[in-house]
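Student: Contents of work_23.txt (compact mmCIF, C-alpha atoms and all ligand atoms) are below:
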# COMPACT_ATOMS: atom_id res chain seq x y z
CA MET L 1 114.76 74.89 124.07
CA THR L 2 112.48 73.14 121.57
CA SER L 3 109.54 71.23 122.96
CA PHE L 4 109.33 67.53 122.10
CA PHE L 5 105.96 67.04 123.74
CA GLY L 6 104.28 69.97 122.04
CA ASP L 7 101.16 71.18 123.77
CA ILE L 8 100.82 68.28 126.22
CA THR L 9 100.33 69.84 129.65
CA PRO L 10 101.02 68.23 133.05
CA ILE L 11 98.81 65.19 133.61
CA GLU L 12 96.10 65.61 136.20
CA PHE L 13 94.09 63.16 138.24
CA GLU L 14 90.52 63.25 136.91
CA GLY L 15 89.04 60.16 138.55
CA GLU L 16 87.56 56.92 137.30
CA ASP L 17 84.90 58.45 135.13
CA SER L 18 87.30 60.50 133.03
CA THR L 19 87.55 59.57 129.36
CA ASN L 20 90.52 61.88 128.77
CA PRO L 21 93.35 59.62 127.48
CA LEU L 22 95.90 62.01 128.97
CA ALA L 23 94.62 62.02 132.55
CA PHE L 24 95.13 59.78 135.57
CA ARG L 25 92.01 57.86 136.48
CA HIS L 26 93.43 56.03 139.52
CA TYR L 27 96.80 57.56 140.39
CA ASP L 28 96.19 60.46 142.72
CA ALA L 29 99.60 61.30 144.20
CA ASP L 30 98.06 62.84 147.33
CA GLU L 31 95.47 60.18 148.09
CA VAL L 32 96.28 58.59 151.43
CA VAL L 33 96.43 54.79 151.40
CA MET L 34 97.20 53.00 154.67
CA GLY L 35 98.37 56.24 156.22
CA LYS L 36 100.73 57.27 153.44
CA ARG L 37 100.42 59.31 150.23
CA MET L 38 100.18 57.18 147.11
CA GLU L 39 103.22 58.89 145.63
CA ASP L 40 105.25 57.95 148.70
CA HIS L 41 104.16 54.32 148.51
CA LEU L 42 104.75 53.79 144.82
CA ARG L 43 107.79 56.03 144.27
CA PHE L 44 107.53 55.87 140.47
CA ALA L 45 110.58 56.23 138.29
CA VAL L 46 111.01 56.71 134.54
CA ALA L 47 113.78 54.65 132.91
CA TYR L 48 115.88 56.93 130.73
CA TRP L 49 117.09 54.11 128.50
CA HIS L 50 113.81 52.80 127.16
CA SER L 51 112.08 56.14 126.95
CA PHE L 52 114.89 58.20 125.46
CA ALA L 53 117.84 56.07 124.33
CA TRP L 54 116.12 53.09 122.72
CA GLU L 55 115.38 53.77 119.04
CA GLY L 56 112.74 51.12 118.39
CA GLY L 57 114.94 48.28 117.14
CA ASP L 58 114.30 44.59 117.69
CA PRO L 59 116.33 41.51 116.68
CA PHE L 60 114.83 41.68 113.18
CA GLY L 61 114.93 45.36 112.39
CA GLY L 62 116.45 48.66 113.40
CA GLN L 63 115.28 52.06 114.36
CA THR L 64 111.63 53.02 113.98
CA PHE L 65 111.63 56.18 116.12
CA ILE L 66 112.78 59.51 114.76
CA ARG L 67 113.67 61.87 117.63
CA PRO L 68 115.11 65.38 117.70
CA TRP L 69 118.12 64.00 119.66
CA HIS L 70 119.19 61.56 116.93
CA PRO L 71 121.93 60.68 116.15
CA GLN L 72 122.82 60.06 119.79
CA ASP L 73 126.59 60.06 119.43
CA ARG L 74 127.01 63.82 119.98
CA MET L 75 127.06 65.94 123.11
CA ASP L 76 124.64 68.55 121.72
CA MET L 77 122.17 65.72 121.10
CA ALA L 78 122.69 64.38 124.63
CA ARG L 79 121.62 67.78 125.94
CA ILE L 80 118.53 67.86 123.71
CA LYS L 81 117.69 64.36 124.96
CA ALA L 82 118.00 65.55 128.55
CA ASP L 83 115.76 68.53 127.75
CA ALA L 84 113.08 66.16 126.42
CA ALA L 85 113.46 63.83 129.40
CA PHE L 86 112.98 66.63 131.92
CA GLU L 87 110.05 67.93 129.88
CA MET L 88 108.43 64.52 130.24
CA PHE L 89 109.18 64.37 133.98
CA GLU L 90 107.34 67.65 134.38
CA ILE L 91 104.36 66.37 132.39
CA LEU L 92 104.10 63.09 134.32
CA GLY L 93 105.02 64.45 137.74
CA GLN L 94 106.59 61.12 138.75
CA PRO L 95 109.07 61.66 141.57
CA TYR L 96 112.09 59.74 140.20
CA PHE L 97 114.10 58.69 137.18
CA CYS L 98 116.93 56.20 136.55
CA TRP L 99 119.83 56.06 134.10
CA HIS L 100 122.73 54.04 132.75
CA ASP L 101 125.87 56.03 131.90
CA ALA L 102 125.48 55.02 128.23
CA ASP L 103 121.92 56.37 128.03
CA ILE L 104 122.80 59.89 128.94
CA ARG L 105 126.22 60.49 127.35
CA PRO L 106 127.78 59.54 124.02
CA GLU L 107 130.57 56.99 124.15
CA GLY L 108 133.97 58.64 123.69
CA GLY L 109 136.99 57.36 121.80
CA SER L 110 138.70 56.55 125.13
CA PHE L 111 137.63 56.03 128.73
CA ALA L 112 138.82 59.55 129.52
CA GLU L 113 136.65 61.04 126.78
CA SER L 114 133.59 59.05 127.86
CA GLN L 115 134.24 60.25 131.40
CA ARG L 116 134.40 63.89 130.27
CA ASN L 117 131.14 63.50 128.36
CA PHE L 118 129.54 61.84 131.36
CA GLU L 119 130.63 64.50 133.84
CA GLU L 120 129.44 67.24 131.52
CA ILE L 121 125.98 65.73 131.09
CA ILE L 122 125.66 64.96 134.81
CA ASP L 123 126.35 68.63 135.51
CA TYR L 124 123.83 69.62 132.85
CA MET L 125 121.20 67.43 134.50
CA LEU L 126 122.11 68.70 137.96
CA GLY L 127 121.40 72.18 136.66
CA LYS L 128 117.95 71.02 135.57
CA MET L 129 117.35 69.29 138.90
CA GLU L 130 117.77 72.61 140.69
CA THR L 131 114.40 73.72 139.36
CA SER L 132 112.74 70.32 139.00
CA PRO L 133 111.34 68.21 141.84
CA VAL L 134 112.47 64.98 140.14
CA LYS L 135 115.08 62.91 141.97
CA LEU L 136 117.34 60.02 141.03
CA LEU L 137 116.03 56.64 142.20
CA TRP L 138 119.11 54.84 140.92
CA GLY L 139 122.05 55.04 138.62
CA THR L 140 123.74 52.11 136.93
CA ALA L 141 126.44 51.26 134.41
CA ASN L 142 125.74 49.75 131.03
CA MET L 143 128.32 46.98 130.88
CA PHE L 144 126.59 44.85 128.28
CA SER L 145 126.15 46.87 125.05
CA HIS L 146 129.69 47.74 124.00
CA ARG L 147 131.68 44.92 122.35
CA ARG L 148 134.39 45.16 125.02
CA PHE L 149 131.88 43.59 127.41
CA MET L 150 130.82 40.75 125.10
CA SER L 151 132.36 38.13 127.44
CA GLY L 152 131.19 39.81 130.61
CA ALA L 153 132.30 42.70 132.81
CA SER L 154 133.55 41.52 136.23
CA THR L 155 133.41 37.90 135.02
CA ASN L 156 135.38 38.56 131.85
CA PRO L 157 138.31 36.17 131.27
CA ASP L 158 140.40 39.28 130.49
CA PRO L 159 141.49 41.18 133.64
CA ASP L 160 141.69 44.39 131.59
CA VAL L 161 137.92 44.26 131.15
CA PHE L 162 137.49 43.74 134.91
CA ALA L 163 139.54 46.91 135.37
CA TYR L 164 137.51 48.84 132.78
CA ALA L 165 134.31 47.68 134.49
CA ALA L 166 135.62 48.72 137.92
CA ALA L 167 136.53 52.18 136.63
CA THR L 168 133.10 52.47 135.00
CA VAL L 169 131.23 51.52 138.17
CA LYS L 170 133.33 53.90 140.28
CA SER L 171 132.44 56.69 137.87
CA CYS L 172 128.73 55.80 137.92
CA MET L 173 128.67 55.52 141.72
CA ASP L 174 130.33 58.94 142.01
CA ALA L 175 127.73 60.44 139.67
CA THR L 176 124.85 58.69 141.46
CA MET L 177 126.04 60.11 144.76
CA LYS L 178 126.54 63.58 143.31
CA MET L 179 122.93 63.51 142.09
CA GLY L 180 121.64 62.36 145.48
CA GLY L 181 120.62 58.97 144.07
CA GLU L 182 118.86 56.73 146.56
CA ASN L 183 120.22 53.42 145.22
CA TYR L 184 122.92 52.07 142.95
CA VAL L 185 121.95 49.07 140.80
CA LEU L 186 124.05 46.36 139.16
CA TRP L 187 122.47 44.25 136.47
CA GLY L 188 124.86 41.65 135.12
CA GLY L 189 123.66 41.51 131.55
CA ARG L 190 126.63 39.52 130.36
CA GLU L 191 127.78 38.13 133.70
CA GLY L 192 127.13 34.55 132.67
CA TYR L 193 128.06 32.40 129.73
CA GLU L 194 127.21 31.40 126.20
CA THR L 195 128.85 27.98 126.49
CA LEU L 196 130.43 26.05 129.35
CA LEU L 197 133.07 24.86 126.89
CA ASN L 198 134.97 28.13 127.34
CA THR L 199 133.85 29.07 130.85
CA ASP L 200 135.50 28.57 134.25
CA LEU L 201 132.37 28.89 136.38
CA GLY L 202 133.97 28.91 139.81
CA ARG L 203 136.55 31.52 138.88
CA GLU L 204 133.98 33.80 137.27
CA LEU L 205 131.75 33.66 140.35
CA ASP L 206 134.69 34.47 142.61
CA HIS L 207 135.55 37.48 140.46
CA MET L 208 131.94 38.65 140.52
CA GLY L 209 131.87 38.22 144.31
CA ARG L 210 135.08 40.22 144.69
CA PHE L 211 133.81 42.93 142.35
CA LEU L 212 130.62 43.35 144.35
CA ASN L 213 132.66 43.52 147.55
CA MET L 214 134.69 46.29 145.93
CA VAL L 215 131.45 48.12 145.14
CA VAL L 216 130.45 47.91 148.80
CA GLU L 217 133.91 48.95 150.00
CA TYR L 218 133.77 51.96 147.68
CA LYS L 219 130.27 52.86 148.85
CA HIS L 220 131.58 53.08 152.42
CA LYS L 221 134.73 54.88 151.37
CA ILE L 222 132.82 57.72 149.70
CA GLY L 223 129.98 57.70 152.24
CA PHE L 224 127.23 56.90 149.73
CA GLU L 225 124.11 56.45 151.82
CA GLY L 226 121.95 54.77 149.21
CA ALA L 227 121.40 51.04 148.89
CA ILE L 228 123.39 48.75 146.61
CA LEU L 229 121.07 46.50 144.63
CA VAL L 230 121.59 43.61 142.23
CA GLU L 231 118.99 42.79 139.61
CA PRO L 232 118.33 39.09 138.98
CA LYS L 233 117.66 37.85 135.45
CA PRO L 234 118.09 34.25 134.28
CA GLN L 235 119.15 34.73 130.68
CA GLU L 236 119.02 37.14 127.76
CA PRO L 237 121.34 38.41 126.45
CA SER L 238 123.50 35.57 127.81
CA LYS L 239 122.38 31.96 127.60
CA HIS L 240 122.79 31.76 131.36
CA GLN L 241 123.25 34.62 133.81
CA TYR L 242 124.69 34.08 137.27
CA ASP L 243 122.11 36.32 138.96
CA TYR L 244 119.41 33.87 137.85
CA ASP L 245 116.61 34.76 140.25
CA ALA L 246 116.04 36.12 143.75
CA ALA L 247 116.90 32.86 145.50
CA THR L 248 120.12 32.42 143.50
CA CYS L 249 121.19 36.00 144.23
CA ILE L 250 120.51 35.61 147.93
CA GLY L 251 122.68 32.48 148.00
CA PHE L 252 125.41 34.32 146.06
CA LEU L 253 125.31 37.30 148.43
CA ARG L 254 125.63 35.00 151.45
CA LYS L 255 128.53 33.09 149.88
CA TYR L 256 130.48 36.32 149.41
CA GLY L 257 129.51 37.86 152.77
CA LEU L 258 127.31 40.56 151.25
CA GLU L 259 123.90 39.68 152.68
CA ASP L 260 123.82 42.71 154.99
CA GLU L 261 125.10 45.10 152.34
CA VAL L 262 123.25 44.34 149.13
CA LYS L 263 119.56 43.98 148.36
CA LEU L 264 117.61 43.09 145.24
CA ASN L 265 116.03 45.05 142.43
CA LEU L 266 113.39 42.68 141.08
CA GLU L 267 111.78 42.90 137.66
CA GLN L 268 108.52 41.29 136.61
CA GLY L 269 109.78 40.36 133.13
CA HIS L 270 112.82 38.66 134.61
CA ALA L 271 110.63 36.70 137.01
CA ILE L 272 108.64 35.45 134.03
CA LEU L 273 111.84 34.49 132.16
CA ALA L 274 112.94 32.52 135.24
CA GLY L 275 109.66 30.60 135.24
CA HIS L 276 108.37 32.42 138.31
CA SER L 277 105.58 34.84 139.04
CA PHE L 278 106.57 38.32 140.15
CA GLU L 279 104.95 37.82 143.53
CA HIS L 280 107.08 34.70 143.99
CA GLU L 281 110.23 36.76 143.50
CA ILE L 282 108.99 39.53 145.77
CA ALA L 283 107.88 37.10 148.49
CA THR L 284 111.24 35.31 148.28
CA ALA L 285 113.07 38.60 148.79
CA THR L 286 110.79 39.98 151.50
CA SER L 287 110.92 36.71 153.45
CA GLU L 288 114.69 37.30 153.71
CA GLY L 289 114.45 41.06 154.26
CA MET L 290 116.19 41.61 150.94
CA LEU L 291 113.72 43.53 148.80
CA GLY L 292 115.25 46.77 147.57
CA SER L 293 113.29 48.05 144.60
CA ILE L 294 111.25 46.85 141.62
CA ASP L 295 111.21 47.23 137.85
CA MET L 296 107.51 47.03 137.04
CA ASN L 297 107.60 45.87 133.45
CA ARG L 298 106.13 42.66 132.19
CA ASN L 299 106.96 40.31 129.38
CA ASP L 300 104.68 38.91 126.78
CA TYR L 301 103.64 35.49 128.07
CA GLN L 302 103.91 33.90 124.63
CA SER L 303 106.99 35.37 122.96
CA GLY L 304 109.59 34.29 125.51
CA TRP L 305 111.58 37.54 125.24
CA ASP L 306 112.22 40.27 127.75
CA THR L 307 109.70 42.48 125.94
CA ASP L 308 109.66 45.15 128.67
CA GLN L 309 106.01 46.15 128.36
CA PHE L 310 104.23 48.51 130.67
CA PRO L 311 102.14 46.69 133.29
CA ASN L 312 98.50 46.16 132.38
CA ASN L 313 97.20 43.46 134.69
CA VAL L 314 95.70 44.66 137.96
CA PRO L 315 95.41 41.26 139.69
CA GLU L 316 99.12 40.53 139.07
CA VAL L 317 100.21 43.95 140.23
CA ALA L 318 97.93 43.83 143.28
CA LEU L 319 99.61 40.66 144.58
CA CYS L 320 103.03 42.24 144.12
CA TYR L 321 102.12 45.29 146.16
CA TYR L 322 100.41 43.03 148.69
CA HIS L 323 103.77 41.45 149.51
CA ILE L 324 105.57 44.78 149.36
CA LEU L 325 103.11 46.50 151.72
CA ASN L 326 103.05 43.50 154.02
CA SER L 327 106.81 43.74 154.39
CA GLY L 328 106.59 47.41 155.36
CA GLY L 329 106.77 49.00 151.88
CA PHE L 330 109.72 50.51 150.09
CA SER L 331 112.47 52.31 151.97
CA THR L 332 115.04 53.50 149.44
CA GLY L 333 113.42 51.60 146.56
CA GLY L 334 110.53 52.38 144.27
CA THR L 335 108.60 51.35 141.18
CA ASN L 336 110.73 51.87 138.09
CA PHE L 337 109.13 51.48 134.69
CA ASP L 338 111.96 49.64 132.96
CA ALA L 339 109.44 49.52 130.13
CA LYS L 340 109.42 50.54 126.53
CA LEU L 341 106.84 51.38 123.92
CA ARG L 342 106.02 48.93 121.17
CA ARG L 343 108.12 49.85 118.14
CA GLN L 344 105.05 51.01 116.22
CA SER L 345 104.19 53.55 118.92
CA LEU L 346 106.00 56.42 117.29
CA ASP L 347 104.57 59.52 118.87
CA ALA L 348 105.51 61.62 121.86
CA GLN L 349 101.96 61.16 123.09
CA ASP L 350 102.45 57.34 123.12
CA LEU L 351 105.29 57.77 125.59
CA ILE L 352 103.11 59.80 127.93
CA ALA L 353 100.09 57.50 127.58
CA ALA L 354 102.23 54.43 128.30
CA HIS L 355 103.42 55.90 131.59
CA ILE L 356 99.93 57.09 132.54
CA GLY L 357 98.65 53.55 131.98
CA GLY L 358 101.44 52.01 134.03
CA MET L 359 100.95 54.46 136.88
CA ASP L 360 97.19 53.91 136.89
CA ILE L 361 97.54 50.11 136.89
CA CYS L 362 99.98 50.30 139.81
CA ALA L 363 97.67 52.67 141.67
CA ARG L 364 94.79 50.22 141.27
CA GLY L 365 97.03 47.35 142.38
CA LEU L 366 98.22 49.30 145.40
CA LYS L 367 94.67 50.20 146.46
CA ALA L 368 93.54 46.59 146.07
CA ALA L 369 96.53 45.37 148.08
CA ALA L 370 95.86 47.89 150.83
CA ALA L 371 92.20 46.88 150.95
CA MET L 372 93.17 43.21 151.33
CA ILE L 373 95.59 44.07 154.12
CA GLU L 374 93.04 46.24 155.90
CA ASP L 375 90.43 43.50 155.58
CA GLY L 376 92.93 41.00 156.96
CA GLY L 377 91.41 37.95 155.28
CA LEU L 378 94.64 36.52 153.90
CA ASP L 379 96.53 37.11 157.13
CA ALA L 380 93.78 35.43 159.12
CA ALA L 381 93.80 32.45 156.77
CA LEU L 382 97.57 32.13 157.15
CA ALA L 383 97.39 32.40 160.92
CA GLU L 384 94.75 29.70 161.00
CA ARG L 385 96.66 27.41 158.65
CA TYR L 386 99.82 27.57 160.76
CA ALA L 387 98.07 27.74 164.15
CA GLY L 388 99.35 24.27 165.09
CA TRP L 389 102.84 25.73 165.26
CA ASP L 390 101.77 28.16 167.98
CA THR L 391 101.35 25.33 170.49
CA ALA L 392 103.99 24.63 173.13
CA GLU L 393 104.44 21.01 171.90
CA ALA L 394 105.13 22.12 168.33
CA LYS L 395 107.67 24.71 169.47
CA ALA L 396 109.34 22.17 171.76
CA MET L 397 109.57 19.73 168.85
CA LEU L 398 111.85 22.11 166.97
CA ASP L 399 114.22 22.06 169.94
CA GLY L 400 114.00 18.29 170.27
CA ASP L 401 115.48 15.50 168.18
CA PHE L 402 114.34 12.62 166.01
CA ASP L 403 114.30 10.10 168.89
CA SER L 404 111.92 12.12 171.05
CA ILE L 405 109.66 12.80 168.06
CA PHE L 406 109.75 9.11 167.09
CA ALA L 407 108.65 8.11 170.59
CA ARG L 408 105.60 10.43 170.45
CA VAL L 409 104.58 9.26 167.01
CA LEU L 410 105.04 5.58 167.97
CA ALA L 411 102.98 6.01 171.12
CA GLY L 412 100.07 7.16 168.94
CA GLU L 413 100.15 10.72 170.36
CA ILE L 414 100.51 12.02 166.81
CA ASN L 415 97.93 11.26 164.15
CA PRO L 416 97.93 13.86 161.33
CA GLN L 417 94.54 14.86 159.95
CA PRO L 418 94.75 16.44 156.46
CA ARG L 419 92.96 19.79 156.11
CA SER L 420 91.91 21.70 153.05
CA GLY L 421 94.39 24.23 151.63
CA ARG L 422 91.33 26.28 150.55
CA GLN L 423 93.09 27.62 147.45
CA GLU L 424 89.93 28.34 145.47
CA ILE L 425 88.31 30.06 148.43
CA LEU L 426 91.40 32.27 148.78
CA GLU L 427 91.48 33.02 145.05
CA ASN L 428 87.81 34.00 145.22
CA TYR L 429 88.67 36.21 148.17
CA VAL L 430 91.39 38.03 146.20
CA ASN L 431 88.95 38.51 143.32
CA ARG L 432 86.73 40.58 145.58
CA PHE L 433 89.44 43.24 145.73
CA VAL L 434 90.92 43.33 142.24
C1 LIG Y 1 117.54 44.41 131.44
C2 LIG Y 1 117.51 45.05 132.75
C3 LIG Y 1 118.11 46.43 132.76
C4 LIG Y 1 118.37 46.86 134.18
C5 LIG Y 1 119.33 47.98 134.31
O1 LIG Y 1 116.85 43.45 131.16
O2 LIG Y 1 116.20 45.07 133.21
O3 LIG Y 1 117.30 47.33 132.09
O4 LIG Y 1 117.20 47.20 134.85
O5 LIG Y 1 120.55 47.66 133.74
NI NI Y 2 114.90 43.69 132.05
NI NI Y 3 115.44 46.09 134.84
When written as structure tokens, how does the structure in this file appear?

Tutor:
Amino acid sequence: MTSFFGDITPIEFEGEDSTNPLAFRHYDADEVVMGKRMEDHLRFAVAYWHSFAWEGGDPFGGQTFIRPWHPQDRMDMARIKADAAFEMFEILGQPYFCWHDADIRPEGGSFAESQRNFEEIIDYMLGKMETSPVKLLWGTANMFSHRRFMSGASTNPDPDVFAYAAATVKSCMDATMKMGGENYVLWGGREGYETLLNTDLGRELDHMGRFLNMVVEYKHKIGFEGAILVEPKPQEPSKHQYDYDAATCIGFLRKYGLEDEVKLNLEQGHAILAGHSFEHEIATATSEGMLGSIDMNRNDYQSGWDTDQFPNNVPEVALCYYHILNSGGFSTGGTNFDAKLRRQSLDAQDLIAAHIGGMDICARGLKAAAAMIEDGGLDAALAERYAGWDTAEAKAMLDGDFDSIFARVLAGEINPQPRSGRQEILENYVNRFV
């Protein structure tokens, strides 16, 4: 086996004062934060697609990376790619990874050939997993790159594509289960439309709802114990995607009776595309008990694309983990870096440094979030702000009706007194921790 990462040795925690670019300064897997090891809180995962399948292209230009596993349309190359991936997992020591079928195996000339390639590479990886501690956080199907999916997968106007998508997801769920994956994710890259002129919205949503029900039925049939997650994103590649944001997905899941079966995989970049902050998306999901997992990759705030950059902003990340910790932390989910290098970052070392940076930023965010929770300042401020609702009269009002409320207000019993929302004071408070 040739080494892609050369003489880079496993990354160690060296502490804040270290100037070694290939060391953790904040991520210490064994450090206990709020009673739990940092590794067990954060549950980091490497995304196979961006780190190993993406070749550095953007909408204006193609490949910039030259890798030993190129061209990627051959099985021997898929094995070399897996060797490099597992080499990186050993160097980073992150506990998880994630894949799409298309990242790990070459596309065949028929479904059957793709399936053979897939099974072969899954077995190859399973062999590697016997001696590696790395586990599968989630598997997923790429149903957006190949031209057959250009008009959608489950929402395609052609039932044959629905069938192809169903067979693909069955195959990916089987492989995820075989690898002991803890979740199965569906991101509907082309489940949406380019123009309403050729789109029957209601029918497409019904097909997507039925498809997701079939996923859940199959999960129970095979006894897959992981969670089923959908990943909201408002647009890109489609003009509009049905899984627009957390709130839209929650409404969709309720409409199709899936609210107890499916949770969300939220991504920071997608939140930004939807015009939200990441903590908004996380708080929306946790308030409904529907947070599954996160993709911790940000967008550029100016370019308006899903640029999938590694996180680099501690205050943003801290507020995300604040909501995650406050809701009890991850169960089956984790922190996946669905993030890619910039296309000028050509070297193997760039790939390692990018992940070190992301892991360190998340560690700092987690520690800040834990410190805020332990201090209790935000909780106390919330309790005080809503204290009026703890009174017997306020509770009784919710069981009453408009007439009884009207009578109290008319009698002058009620006379609202505006109080400060204290936003700046709270922002200053957060700044003490980040
Ligand atoms: C794309 C999505 C994708 C999913 C997995 O924007 O983030 O990478 O996470 O299909
Ligand atoms: Ni994304
Ligand atoms: Ni993602």

Student: With a distance cut-off of 9 Å and all atoms listed in the file, select the neighbouring residues of Asp101 of chain L, excluding the residue or stretch itself and same-chain residues fewer than 5 positions from it, and output the selection as a ChimeraX atom specification.

Tutor: /L:106,118,139-142,168,171-172

Student: Enumerate residues in contact with ligand NI 2 (chain Y): an atom-to-atom distance of at most 7 Å, counting all atoms listed in the file. Format the result as a VMD selection string.

Tutor: chain L and resid 267 269 to 270 306 308 338

Student: Identify, on the basis of all atoms listed in the file, every residue whose closest approach to Val262 of chain L does not exceed 10 Å; exclude the query and any residue fewer than 6 positions from it along the same chain; express the result as number ranges by chain.

Tutor: L: 184-185, 212-213, 215-216, 227-230, 249-250, 253-254, 290-292

Student: Which residue is closest to Phe89 of chain L? Choose from L:Lys395, L:Arg422, L:His41, L:Lys128 and count all atoms listed in the file.

Tutor: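 Result for the nearest residue to Phe89 of chain L: L:Lys128.
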
Student: Distance table requested - chain L against ligand LIG 1 (chain Y), cut-off 10 Å, only C-alpha atoms and all ligand atoms: one row per qualifying residue with the closest atom pair and its distance in Å to one decimal, ordered by chain and rising residue number, as a Markdown table.

Tutor:
| residue | atom | partner | partner_atom | distance |
| --- | --- | --- | --- | --- |
| L:Ala47 | CA | Y:LIG1 | O3 | 8.2 |
| L:Tyr48 | CA | Y:LIG1 | O3 | 9.8 |
| L:Trp49 | CA | Y:LIG1 | O3 | 7.7 |
| L:His50 | CA | Y:LIG1 | O3 | 8.1 |
| L:Cys98 | CA | Y:LIG1 | C5 | 8.9 |
| L:Trp99 | CA | Y:LIG1 | C5 | 8.1 |
| L:His100 | CA | Y:LIG1 | O5 | 6.8 |
| L:Trp138 | CA | Y:LIG1 | C5 | 9.5 |
| L:Gly139 | CA | Y:LIG1 | C5 | 8.7 |
| L:Thr140 | CA | Y:LIG1 | O5 | 6.3 |
| L:Ala141 | CA | Y:LIG1 | O5 | 6.9 |
| L:Asn142 | CA | Y:LIG1 | O5 | 6.2 |
| L:Met143 | CA | Y:LIG1 | O5 | 8.3 |
| L:Phe144 | CA | Y:LIG1 | O5 | 8.6 |
| L:Val185 | CA | Y:LIG1 | C5 | 7.1 |
| L:Leu186 | CA | Y:LIG1 | O5 | 6.6 |
| L:Trp187 | CA | Y:LIG1 | O5 | 4.8 |
| L:Gly188 | CA | Y:LIG1 | O5 | 7.5 |
| L:Gly189 | CA | Y:LIG1 | C1 | 6.8 |
| L:Val230 | CA | Y:LIG1 | C4 | 9.3 |
| L:Glu231 | CA | Y:LIG1 | O4 | 6.7 |
| L:Pro232 | CA | Y:LIG1 | O2 | 8.6 |
| L:Lys233 | CA | Y:LIG1 | O1 | 7.1 |
| L:Pro234 | CA | Y:LIG1 | O1 | 9.8 |
| L:Gln235 | CA | Y:LIG1 | O1 | 9.0 |
| L:Glu236 | CA | Y:LIG1 | O1 | 7.5 |
| L:Pro237 | CA | Y:LIG1 | O1 | 8.2 |
| L:Asn265 | CA | Y:LIG1 | O4 | 8.0 |
| L:Leu266 | CA | Y:LIG1 | O4 | 8.6 |
| L:Glu267 | CA | Y:LIG1 | O2 | 6.6 |
| L:Gln268 | CA | Y:LIG1 | O2 | 9.2 |
| L:Gly269 | CA | Y:LIG1 | O2 | 8.0 |
| L:His270 | CA | Y:LIG1 | O1 | 7.1 |
| L:Ile294 | CA | Y:LIG1 | O4 | 9.0 |
| L:Asp295 | CA | Y:LIG1 | O4 | 6.7 |
| L:Met296 | CA | Y:LIG1 | O2 | 9.7 |
| L:Asn297 | CA | Y:LIG1 | O2 | 8.6 |
| L:Trp305 | CA | Y:LIG1 | O1 | 9.9 |
| L:Asp306 | CA | Y:LIG1 | O1 | 6.6 |
| L:Thr307 | CA | Y:LIG1 | O1 | 8.9 |
| L:Asp308 | CA | Y:LIG1 | O1 | 7.8 |
| L:Asn336 | CA | Y:LIG1 | O4 | 8.6 |
| L:Phe337 | CA | Y:LIG1 | O4 | 9.1 |
| L:Asp338 | CA | Y:LIG1 | O3 | 5.9 |
| L:Ala339 | CA | Y:LIG1 | O3 | 8.4 |

Student: Could you please take those selected residues and save C-alpha atoms as a short mmCIF file (atom, residue, chain, number, x, y, z; two decimals), keeping the file's coordinate frame?

Tutor:
data_model
loop_
_atom_site.label_atom_id
_atom_site.label_comp_id
_atom_site.auth_asym_id
_atom_site.auth_seq_id
_atom_site.Cartn_x
_atom_site.Cartn_y
_atom_site.Cartn_z
CA ALA L 47 113.78 54.65 132.91
CA TYR L 48 115.88 56.93 130.73
CA TRP L 49 117.09 54.11 128.50
CA HIS L 50 113.81 52.80 127.16
CA CYS L 98 116.93 56.20 136.55
CA TRP L 99 119.83 56.06 134.10
CA HIS L 100 122.73 54.04 132.75
CA TRP L 138 119.11 54.84 140.92
CA GLY L 139 122.05 55.04 138.62
CA THR L 140 123.74 52.11 136.93
CA ALA L 141 126.44 51.26 134.41
CA ASN L 142 125.74 49.75 131.03
CA MET L 143 128.32 46.98 130.88
CA PHE L 144 126.59 44.85 128.28
CA VAL L 185 121.95 49.07 140.80
CA LEU L 186 124.05 46.36 139.16
CA TRP L 187 122.47 44.25 136.47
CA GLY L 188 124.86 41.65 135.12
CA GLY L 189 123.66 41.51 131.55
CA VAL L 230 121.59 43.61 142.23
CA GLU L 231 118.99 42.79 139.61
CA PRO L 232 118.33 39.09 138.98
CA LYS L 233 117.66 37.85 135.45
CA PRO L 234 118.09 34.25 134.28
CA GLN L 235 119.15 34.73 130.68
CA GLU L 236 119.02 37.14 127.76
CA PRO L 237 121.34 38.41 126.45
CA ASN L 265 116.03 45.05 142.43
CA LEU L 266 113.39 42.68 141.08
CA GLU L 267 111.78 42.90 137.66
CA GLN L 268 108.52 41.29 136.61
CA GLY L 269 109.78 40.36 133.13
CA HIS L 270 112.82 38.66 134.61
CA ILE L 294 111.25 46.85 141.62
CA ASP L 295 111.21 47.23 137.85
CA MET L 296 107.51 47.03 137.04
CA ASN L 297 107.60 45.87 133.45
CA TRP L 305 111.58 37.54 125.24
CA ASP L 306 112.22 40.27 127.75
CA THR L 307 109.70 42.48 125.94
CA ASP L 308 109.66 45.15 128.67
CA ASN L 336 110.73 51.87 138.09
CA PHE L 337 109.13 51.48 134.69
CA ASP L 338 111.96 49.64 132.96
CA ALA L 339 109.44 49.52 130.13
#

Student: Which is closer to ligand NI 3 (chain Y) than all the others in L:Ser238, L:Thr155, L:Gly226, L:Leu264, using all atoms listed in the file?

Tutor: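 Using all atoms listed in the file, the shortest distance to ligand NI 3 (chain Y) belongs to L:Leu264.
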
Student: Which polymer residues have any atom within 10 Å of an atom of Glu191 of chain L, counting all atoms listed in the file, with same-chain residues fewer than 6 positions away left out, as an MDAnalysis selection string?

Tutor: chainID L and resid 143:144 149:156 204:205 208 235 237:238 240:243

Student: Point out the residue among L:Gly93, L:Ile104, L:Ala271, L:Ile356 with the least atom-to-atom distance to ligand NI 3 (chain Y), counting only C-alpha atoms and all ligand atoms.

Tutor: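 The shortest atom-to-atom distance to ligand NI 3 (chain Y) comes from L:Ala271.
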